[in-house]
$ cat structure-v3.txt   # compact mmCIF, N, CA and C atoms
# COMPACT_ATOMS: atom_id res chain seq x y z
N MET A 12 -6.07 -0.06 -29.38
CA MET A 12 -7.43 0.09 -28.85
C MET A 12 -7.88 1.53 -29.09
N PRO A 13 -9.05 1.74 -29.72
CA PRO A 13 -9.51 3.11 -29.99
C PRO A 13 -9.89 3.82 -28.69
N ALA A 14 -9.71 5.13 -28.71
CA ALA A 14 -10.03 5.93 -27.53
C ALA A 14 -11.54 6.06 -27.39
N ARG A 15 -12.00 6.10 -26.19
CA ARG A 15 -13.42 6.28 -25.91
C ARG A 15 -13.78 7.74 -26.17
N PRO A 16 -14.85 8.01 -26.92
CA PRO A 16 -15.25 9.40 -27.17
C PRO A 16 -15.52 10.12 -25.85
N SER A 17 -15.19 11.40 -25.83
CA SER A 17 -15.40 12.18 -24.61
C SER A 17 -16.89 12.28 -24.31
N GLY A 18 -17.23 12.37 -23.03
CA GLY A 18 -18.60 12.49 -22.62
C GLY A 18 -19.30 11.17 -22.41
N LYS A 19 -18.67 10.06 -22.73
CA LYS A 19 -19.26 8.74 -22.54
C LYS A 19 -18.82 8.19 -21.20
N ALA A 20 -19.75 7.67 -20.44
CA ALA A 20 -19.44 7.06 -19.16
C ALA A 20 -18.92 5.64 -19.38
N ALA A 21 -18.13 5.16 -18.46
CA ALA A 21 -17.57 3.82 -18.57
C ALA A 21 -18.65 2.76 -18.51
N SER A 22 -19.80 3.07 -17.92
CA SER A 22 -20.87 2.08 -17.75
C SER A 22 -21.92 2.15 -18.86
N ASP A 23 -21.60 2.75 -20.02
CA ASP A 23 -22.59 2.87 -21.11
C ASP A 23 -23.12 1.52 -21.58
N GLY A 24 -22.31 0.49 -21.52
CA GLY A 24 -22.72 -0.82 -21.99
C GLY A 24 -23.72 -1.50 -21.07
N ALA A 25 -23.78 -1.09 -19.82
CA ALA A 25 -24.69 -1.71 -18.87
C ALA A 25 -26.12 -1.24 -19.13
N ALA A 26 -27.05 -2.19 -19.08
CA ALA A 26 -28.46 -1.85 -19.26
C ALA A 26 -28.98 -1.20 -17.99
N LYS A 27 -29.44 0.03 -18.10
CA LYS A 27 -30.01 0.74 -16.97
C LYS A 27 -31.51 0.56 -17.00
N PRO A 28 -32.15 0.58 -15.84
CA PRO A 28 -33.60 0.41 -15.84
C PRO A 28 -34.32 1.64 -16.38
N CYS A 29 -35.50 1.40 -16.90
CA CYS A 29 -36.37 2.47 -17.39
C CYS A 29 -36.72 3.38 -16.22
N PRO A 30 -36.57 4.70 -16.35
CA PRO A 30 -36.88 5.60 -15.24
C PRO A 30 -38.39 5.67 -14.91
N ILE A 31 -39.23 5.18 -15.78
CA ILE A 31 -40.68 5.22 -15.55
C ILE A 31 -41.16 3.95 -14.84
N CYS A 32 -40.81 2.77 -15.37
CA CYS A 32 -41.37 1.53 -14.82
C CYS A 32 -40.33 0.59 -14.20
N GLY A 33 -39.04 0.83 -14.47
CA GLY A 33 -37.99 0.00 -13.88
C GLY A 33 -37.57 -1.21 -14.69
N LYS A 34 -38.23 -1.47 -15.81
CA LYS A 34 -37.83 -2.58 -16.68
C LYS A 34 -36.53 -2.22 -17.37
N PRO A 35 -35.79 -3.20 -17.91
CA PRO A 35 -34.55 -2.88 -18.63
C PRO A 35 -34.83 -1.99 -19.85
N SER A 36 -33.96 -1.02 -20.09
CA SER A 36 -34.15 -0.13 -21.24
C SER A 36 -33.91 -0.90 -22.53
N ALA A 37 -34.50 -0.41 -23.62
CA ALA A 37 -34.42 -1.13 -24.89
C ALA A 37 -34.07 -0.20 -26.03
N GLY A 38 -33.20 -0.68 -26.91
CA GLY A 38 -32.76 -0.08 -28.15
C GLY A 38 -33.16 1.34 -28.47
N GLU A 39 -34.08 1.49 -29.42
CA GLU A 39 -34.41 2.82 -29.95
C GLU A 39 -35.14 3.70 -28.94
N ASN A 40 -35.65 3.13 -27.86
CA ASN A 40 -36.37 3.91 -26.86
C ASN A 40 -35.51 4.28 -25.66
N ARG A 41 -34.24 3.90 -25.69
CA ARG A 41 -33.34 4.15 -24.57
C ARG A 41 -33.38 5.60 -24.16
N PRO A 42 -33.49 5.98 -22.94
CA PRO A 42 -33.32 5.20 -21.72
C PRO A 42 -34.60 4.54 -21.23
N PHE A 43 -35.65 4.54 -22.05
CA PHE A 43 -36.92 3.94 -21.67
C PHE A 43 -37.02 2.53 -22.22
N CYS A 44 -37.98 1.75 -21.72
CA CYS A 44 -38.15 0.37 -22.19
C CYS A 44 -39.06 0.29 -23.40
N SER A 45 -39.92 1.30 -23.58
CA SER A 45 -40.90 1.25 -24.67
C SER A 45 -41.32 2.65 -25.07
N ALA A 46 -42.03 2.72 -26.19
CA ALA A 46 -42.56 4.00 -26.65
C ALA A 46 -43.58 4.54 -25.64
N ARG A 47 -44.30 3.65 -24.97
CA ARG A 47 -45.28 4.08 -23.98
C ARG A 47 -44.61 4.84 -22.84
N CYS A 48 -43.54 4.28 -22.28
CA CYS A 48 -42.84 4.95 -21.18
C CYS A 48 -42.20 6.25 -21.66
N ARG A 49 -41.71 6.27 -22.89
CA ARG A 49 -41.15 7.49 -23.46
C ARG A 49 -42.23 8.58 -23.53
N ASP A 50 -43.44 8.20 -23.94
CA ASP A 50 -44.55 9.15 -24.04
C ASP A 50 -45.03 9.61 -22.65
N VAL A 51 -45.01 8.72 -21.67
CA VAL A 51 -45.38 9.09 -20.30
C VAL A 51 -44.42 10.17 -19.80
N ASP A 52 -43.13 9.98 -20.05
CA ASP A 52 -42.12 10.96 -19.62
C ASP A 52 -42.34 12.30 -20.33
N LEU A 53 -42.60 12.27 -21.63
CA LEU A 53 -42.85 13.50 -22.38
C LEU A 53 -44.07 14.23 -21.82
N ASN A 54 -45.13 13.48 -21.53
CA ASN A 54 -46.33 14.09 -20.96
C ASN A 54 -46.03 14.75 -19.62
N ARG A 55 -45.20 14.12 -18.80
CA ARG A 55 -44.85 14.72 -17.50
C ARG A 55 -44.10 16.03 -17.69
N TRP A 56 -43.21 16.08 -18.69
CA TRP A 56 -42.50 17.34 -18.96
C TRP A 56 -43.47 18.41 -19.44
N LEU A 57 -44.35 18.04 -20.38
CA LEU A 57 -45.26 19.02 -20.97
C LEU A 57 -46.33 19.51 -20.00
N SER A 58 -46.71 18.67 -19.04
CA SER A 58 -47.74 19.07 -18.08
C SER A 58 -47.17 19.82 -16.88
N GLY A 59 -45.85 19.89 -16.77
CA GLY A 59 -45.23 20.63 -15.68
C GLY A 59 -44.92 19.80 -14.45
N SER A 60 -45.09 18.49 -14.52
CA SER A 60 -44.80 17.63 -13.36
C SER A 60 -43.34 17.66 -12.98
N TYR A 61 -42.45 17.92 -13.94
CA TYR A 61 -41.02 17.94 -13.68
C TYR A 61 -40.50 19.36 -13.47
N ALA A 62 -41.36 20.30 -13.19
CA ALA A 62 -40.94 21.69 -13.02
C ALA A 62 -39.99 21.83 -11.84
N ILE A 63 -38.98 22.65 -12.00
CA ILE A 63 -38.02 22.92 -10.95
C ILE A 63 -38.47 24.18 -10.23
N PRO A 64 -38.72 24.08 -8.93
CA PRO A 64 -39.20 25.27 -8.21
C PRO A 64 -38.13 26.34 -8.15
N GLY A 65 -38.55 27.56 -8.30
CA GLY A 65 -37.62 28.69 -8.22
C GLY A 65 -37.94 29.56 -7.02
N ARG A 66 -37.19 30.60 -6.87
CA ARG A 66 -37.45 31.53 -5.78
C ARG A 66 -38.72 32.31 -6.09
N PRO A 67 -39.48 32.65 -5.07
CA PRO A 67 -40.67 33.47 -5.33
C PRO A 67 -40.24 34.85 -5.84
N SER A 68 -41.01 35.39 -6.75
CA SER A 68 -40.69 36.72 -7.28
C SER A 68 -41.04 37.77 -6.23
N GLU A 69 -40.54 38.97 -6.41
CA GLU A 69 -40.82 40.05 -5.46
C GLU A 69 -42.31 40.37 -5.41
N ASP A 70 -43.01 40.18 -6.54
CA ASP A 70 -44.45 40.46 -6.58
C ASP A 70 -45.23 39.49 -5.68
N ASP A 71 -44.75 38.25 -5.53
CA ASP A 71 -45.44 37.26 -4.71
C ASP A 71 -45.38 37.63 -3.23
N ASP A 72 -44.36 38.35 -2.79
CA ASP A 72 -44.21 38.72 -1.39
C ASP A 72 -45.18 39.82 -0.97
N ASN A 73 -45.69 40.60 -1.91
CA ASN A 73 -46.54 41.74 -1.60
C ASN A 73 -48.02 41.39 -1.49
N GLU A 74 -48.39 40.16 -1.60
CA GLU A 74 -49.81 39.79 -1.59
C GLU A 74 -50.38 39.77 -0.22

$ encode --input "structure-v3.txt" --output "structure tokens"
Amino acid sequence: MPARPSGKAASDGAAKPCPICGKPSAGENRPFCSARCRDVDLNRWLSGSYAIPGRPSEDDDNE
């Protein structure tokens, strides 16, 4: 039996739901179900919706 490549989870074969709409993910668009959901996710990244909040800078405290 061939060894599983490192970095692969044991559940790779299971279909995970699309993170945008919840439908089963599909082939070339994985982890999304469609090109539309893939584009929605890209737009959220580019518009800053997925921004990770950081600590306020020292300049913000002096206002």

$ residues_around --input "structure-v3.txt" --residues "Cys32 in chain A" --least-positions-apart "5" --cutoff "9 Å" --atoms "only C-alpha atoms" --output "PyMOL selection string"
chain A and resi 43-44+48

$ closest_residue --input "structure-v3.txt" --among "A:Ser60, A:Pro42, A:Asp52, A:Gly65" --to "Cys29 in chain A" --atoms "all atoms listed in the file"
A:Pro42

$ atom_distance --input "structure-v3.txt" --atom1 "atom N of Asn54 in chain A" --atom2 "CA of Ala26 in chain A"
22.8 Å

$ atom_distance --input "structure-v3.txt" --atom1 "CA of Arg41 in chain A" --atom2 "CA of Trp56 in chain A"
17.0 Å

$ atom_distance --input "structure-v3.txt" --atom1 "CA of Tyr61 in chain A" --atom2 "CA of Arg49 in chain A"
14.3 Å

$ residues_around --input "structure-v3.txt" --residues "Lys27 in chain A" --least-positions-apart "6" --cutoff "6 Å" --atoms "only N, CA and C atoms" --output "VMD selection string"
chain A and resid 34 to 36
